Structures are given as structure tokens and as C-alpha cells.
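Source file: query20.txt; contents: compact mmCIF, N, CA and C atoms.
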```txt
# COMPACT_ATOMS: atom_id res chain seq x y z
N MET Z 1 -13.30 -0.27 -4.89
CA MET Z 1 -11.97 0.17 -5.28
C MET Z 1 -11.44 -0.80 -6.33
N THR Z 2 -10.91 -0.27 -7.42
CA THR Z 2 -10.34 -1.14 -8.44
C THR Z 2 -9.09 -1.81 -7.91
N GLN Z 3 -8.66 -2.86 -8.58
CA GLN Z 3 -7.47 -3.57 -8.13
C GLN Z 3 -6.24 -2.66 -8.13
N ASN Z 4 -6.08 -1.83 -9.17
CA ASN Z 4 -4.94 -0.90 -9.19
C ASN Z 4 -5.03 0.09 -8.04
N GLY Z 5 -6.24 0.55 -7.74
CA GLY Z 5 -6.43 1.45 -6.61
C GLY Z 5 -6.08 0.79 -5.29
N ARG Z 6 -6.41 -0.48 -5.17
CA ARG Z 6 -6.08 -1.22 -3.94
C ARG Z 6 -4.57 -1.32 -3.77
N HIS Z 7 -3.88 -1.64 -4.86
CA HIS Z 7 -2.42 -1.75 -4.79
C HIS Z 7 -1.79 -0.41 -4.42
N THR Z 8 -2.26 0.65 -5.04
CA THR Z 8 -1.74 1.99 -4.75
C THR Z 8 -2.00 2.35 -3.30
N ALA Z 9 -3.24 2.13 -2.83
CA ALA Z 9 -3.59 2.45 -1.45
C ALA Z 9 -2.75 1.64 -0.46
N GLY Z 10 -2.55 0.38 -0.75
CA GLY Z 10 -1.75 -0.46 0.14
C GLY Z 10 -0.30 -0.01 0.23
N ILE Z 11 0.29 0.27 -0.90
CA ILE Z 11 1.69 0.71 -0.91
C ILE Z 11 1.82 2.06 -0.23
N LEU Z 12 0.92 3.00 -0.55
CA LEU Z 12 1.00 4.32 0.08
C LEU Z 12 0.76 4.24 1.58
N SER Z 13 -0.14 3.40 2.00
CA SER Z 13 -0.41 3.24 3.43
C SER Z 13 0.85 2.82 4.16
N LEU Z 14 1.54 1.84 3.62
CA LEU Z 14 2.78 1.37 4.25
C LEU Z 14 3.88 2.41 4.16
N GLU Z 15 3.99 3.08 3.01
CA GLU Z 15 5.01 4.12 2.83
C GLU Z 15 4.79 5.28 3.79
N LEU Z 16 3.54 5.57 4.11
CA LEU Z 16 3.22 6.67 5.02
C LEU Z 16 3.37 6.28 6.48
N GLY Z 17 3.79 5.05 6.73
CA GLY Z 17 4.10 4.63 8.08
C GLY Z 17 3.01 3.87 8.81
N HIS Z 18 1.93 3.55 8.12
CA HIS Z 18 0.88 2.76 8.76
C HIS Z 18 1.39 1.34 8.96
N SER Z 19 0.94 0.70 10.00
CA SER Z 19 1.41 -0.65 10.28
C SER Z 19 0.88 -1.63 9.24
N GLN Z 20 1.57 -2.76 9.16
CA GLN Z 20 1.12 -3.81 8.26
C GLN Z 20 -0.28 -4.27 8.65
N ARG Z 21 -0.53 -4.38 9.95
CA ARG Z 21 -1.84 -4.84 10.42
C ARG Z 21 -2.95 -3.83 10.04
N ASP Z 22 -2.69 -2.54 10.22
CA ASP Z 22 -3.69 -1.53 9.85
C ASP Z 22 -3.97 -1.57 8.35
N THR Z 23 -2.91 -1.74 7.57
CA THR Z 23 -3.07 -1.82 6.11
C THR Z 23 -3.85 -3.07 5.74
N GLN Z 24 -3.55 -4.17 6.40
CA GLN Z 24 -4.28 -5.42 6.17
C GLN Z 24 -5.77 -5.24 6.44
N LEU Z 25 -6.10 -4.58 7.54
CA LEU Z 25 -7.50 -4.37 7.88
C LEU Z 25 -8.18 -3.43 6.89
N MET Z 26 -7.47 -2.37 6.48
CA MET Z 26 -8.03 -1.42 5.53
C MET Z 26 -8.37 -2.10 4.20
N LEU Z 27 -7.48 -2.98 3.76
CA LEU Z 27 -7.68 -3.66 2.48
C LEU Z 27 -8.52 -4.93 2.62
N ARG Z 28 -8.89 -5.25 3.86
CA ARG Z 28 -9.70 -6.43 4.16
C ARG Z 28 -9.05 -7.72 3.70
N HIS Z 29 -7.73 -7.81 3.91
CA HIS Z 29 -7.03 -9.05 3.62
C HIS Z 29 -7.26 -10.02 4.78
N ALA Z 30 -7.58 -11.24 4.47
CA ALA Z 30 -7.78 -12.25 5.51
C ALA Z 30 -6.44 -12.66 6.12
N SER Z 31 -5.38 -12.55 5.35
CA SER Z 31 -4.07 -13.00 5.80
C SER Z 31 -3.03 -11.89 5.67
N GLY Z 32 -2.16 -11.82 6.65
CA GLY Z 32 -1.04 -10.87 6.57
C GLY Z 32 -0.10 -11.21 5.44
N ASP Z 33 -0.09 -12.47 5.01
CA ASP Z 33 0.76 -12.87 3.88
C ASP Z 33 0.40 -12.11 2.62
N THR Z 34 -0.88 -11.86 2.44
CA THR Z 34 -1.32 -11.10 1.26
C THR Z 34 -0.80 -9.67 1.34
N THR Z 35 -0.86 -9.07 2.52
CA THR Z 35 -0.38 -7.70 2.69
C THR Z 35 1.14 -7.64 2.51
N ASN Z 36 1.85 -8.70 2.85
CA ASN Z 36 3.30 -8.74 2.67
C ASN Z 36 3.72 -8.50 1.23
N ILE Z 37 2.85 -8.82 0.29
CA ILE Z 37 3.16 -8.60 -1.12
C ILE Z 37 3.45 -7.12 -1.36
N TYR Z 38 2.70 -6.24 -0.68
CA TYR Z 38 2.90 -4.80 -0.84
C TYR Z 38 4.25 -4.38 -0.29
N LEU Z 39 4.67 -5.02 0.81
CA LEU Z 39 5.97 -4.68 1.39
C LEU Z 39 7.10 -4.97 0.41
N HIS Z 40 6.97 -6.04 -0.35
CA HIS Z 40 8.00 -6.38 -1.34
C HIS Z 40 8.02 -5.38 -2.49
N GLN Z 41 6.87 -4.81 -2.81
CA GLN Z 41 6.79 -3.84 -3.91
C GLN Z 41 7.43 -2.51 -3.53
N ILE Z 42 7.39 -2.16 -2.25
CA ILE Z 42 7.93 -0.87 -1.82
C ILE Z 42 9.40 -0.75 -2.18
N GLY Z 43 10.16 -1.81 -1.97
CA GLY Z 43 11.58 -1.78 -2.29
C GLY Z 43 11.86 -1.61 -3.76
N LYS Z 44 10.92 -1.96 -4.60
CA LYS Z 44 11.11 -1.85 -6.05
C LYS Z 44 10.78 -0.46 -6.57
N LEU Z 45 10.04 0.32 -5.80
CA LEU Z 45 9.67 1.67 -6.23
C LEU Z 45 10.76 2.66 -5.86
N GLY Z 46 10.98 3.60 -6.70
CA GLY Z 46 11.88 4.68 -6.35
C GLY Z 46 11.17 5.66 -5.43
N ASN Z 47 11.92 6.32 -4.57
CA ASN Z 47 11.31 7.28 -3.65
C ASN Z 47 10.59 8.39 -4.40
N SER Z 48 11.12 8.81 -5.53
CA SER Z 48 10.47 9.89 -6.27
C SER Z 48 9.12 9.44 -6.83
N ALA Z 49 9.02 8.18 -7.25
CA ALA Z 49 7.74 7.68 -7.77
C ALA Z 49 6.69 7.66 -6.68
N THR Z 50 7.07 7.20 -5.51
CA THR Z 50 6.13 7.15 -4.39
C THR Z 50 5.72 8.56 -3.99
N ALA Z 51 6.66 9.47 -3.95
CA ALA Z 51 6.37 10.86 -3.58
C ALA Z 51 5.44 11.51 -4.60
N ASP Z 52 5.67 11.25 -5.87
CA ASP Z 52 4.82 11.82 -6.92
C ASP Z 52 3.39 11.31 -6.82
N ILE Z 53 3.23 10.01 -6.58
CA ILE Z 53 1.90 9.43 -6.45
C ILE Z 53 1.20 9.99 -5.23
N SER Z 54 1.91 10.04 -4.12
CA SER Z 54 1.33 10.57 -2.89
C SER Z 54 0.91 12.04 -3.06
N LYS Z 55 1.74 12.82 -3.71
CA LYS Z 55 1.42 14.23 -3.94
C LYS Z 55 0.19 14.37 -4.81
N ALA Z 56 0.09 13.55 -5.85
CA ALA Z 56 -1.05 13.62 -6.75
C ALA Z 56 -2.36 13.26 -6.04
N ILE Z 57 -2.28 12.34 -5.11
CA ILE Z 57 -3.49 11.90 -4.42
C ILE Z 57 -3.87 12.86 -3.29
N PHE Z 58 -2.90 13.30 -2.52
CA PHE Z 58 -3.19 14.03 -1.30
C PHE Z 58 -3.11 15.55 -1.40
N ASP Z 59 -2.50 16.07 -2.44
CA ASP Z 59 -2.40 17.53 -2.58
C ASP Z 59 -3.50 18.10 -3.45
```
C-alpha cells encoding of this file:
Amino acid sequence: MTQNGRHTAGILSLELGHSQRDTQLMLRHASGDTTNIYLHQIGKLGNSATADISKAIFD
């Protein structure tokens, strides 16, 4: 998975309600601190941007 793909997958995983721990395991982060970076990015995204990305990937 490319780095951009990893970031997208991590943010979408959290936005879709997956736990931080599950997202950490999926991305194979050794530390939860690394996964926390994605949590900070979620607040910066608009809901419409997240919805558009999710729709493009899953529909």
C-alpha cells in the first residue's frame, strides 16, 4: 500500500467507526501514538470530503 493509501485507509477506518486499536493493527503500527496522527487529521477534514472519498472507494 502506498503511503497516501495508508493515510486514506487509516482515516476512513476511524471515520467508519473502527477502533483506534483495530486501525493500528490494520496499518501495522507498532505504537498507538502513530495511529493518533490520523485522529488529528479527521478534525481537519470536512464531512463532505470524507463522504466523497468513502463513496469513491466503496461504491
Next on the checklist: What does the structure give for the distance between atom C of Ile57 of chain Z and atom CA of Thr34 of chain Z, in Å to one decimal?
Outcome noted: 24.5 Å
Checklist entry - Counting only N, CA and C atoms, what is within 8 Å of Asp22 of chain Z, bar same-chain residues fewer than 5 positions away, as a count of residues only? => result 3
Item to check | One-decimal distance in Å that lies between atom CA of His40 of chain Z and atom C of Ile53 of chain Z | outcome: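 It comes out at 18.1 Å.
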Item to check | d(atom CA of Gly10 of chain Z, atom C of Thr35 of chain Z) in Å | outcome: 8.1 Å
Item to check | alpha helix (DSSP H) positions in chain Z, given as an MDAnalysis selection string | outcome: chainID Z and resid 3:15 20:27 32:42 47:58
Checklist entry - For the point (0.6, -5.3, 0.2) in file coordinates, what residues are within 9 Å, counting only C-alpha atoms? Give the answer as a VMD selection string? => result chain Z and resid 6 to 7 9 to 11 14 20 23 to 24 27 32 to 42
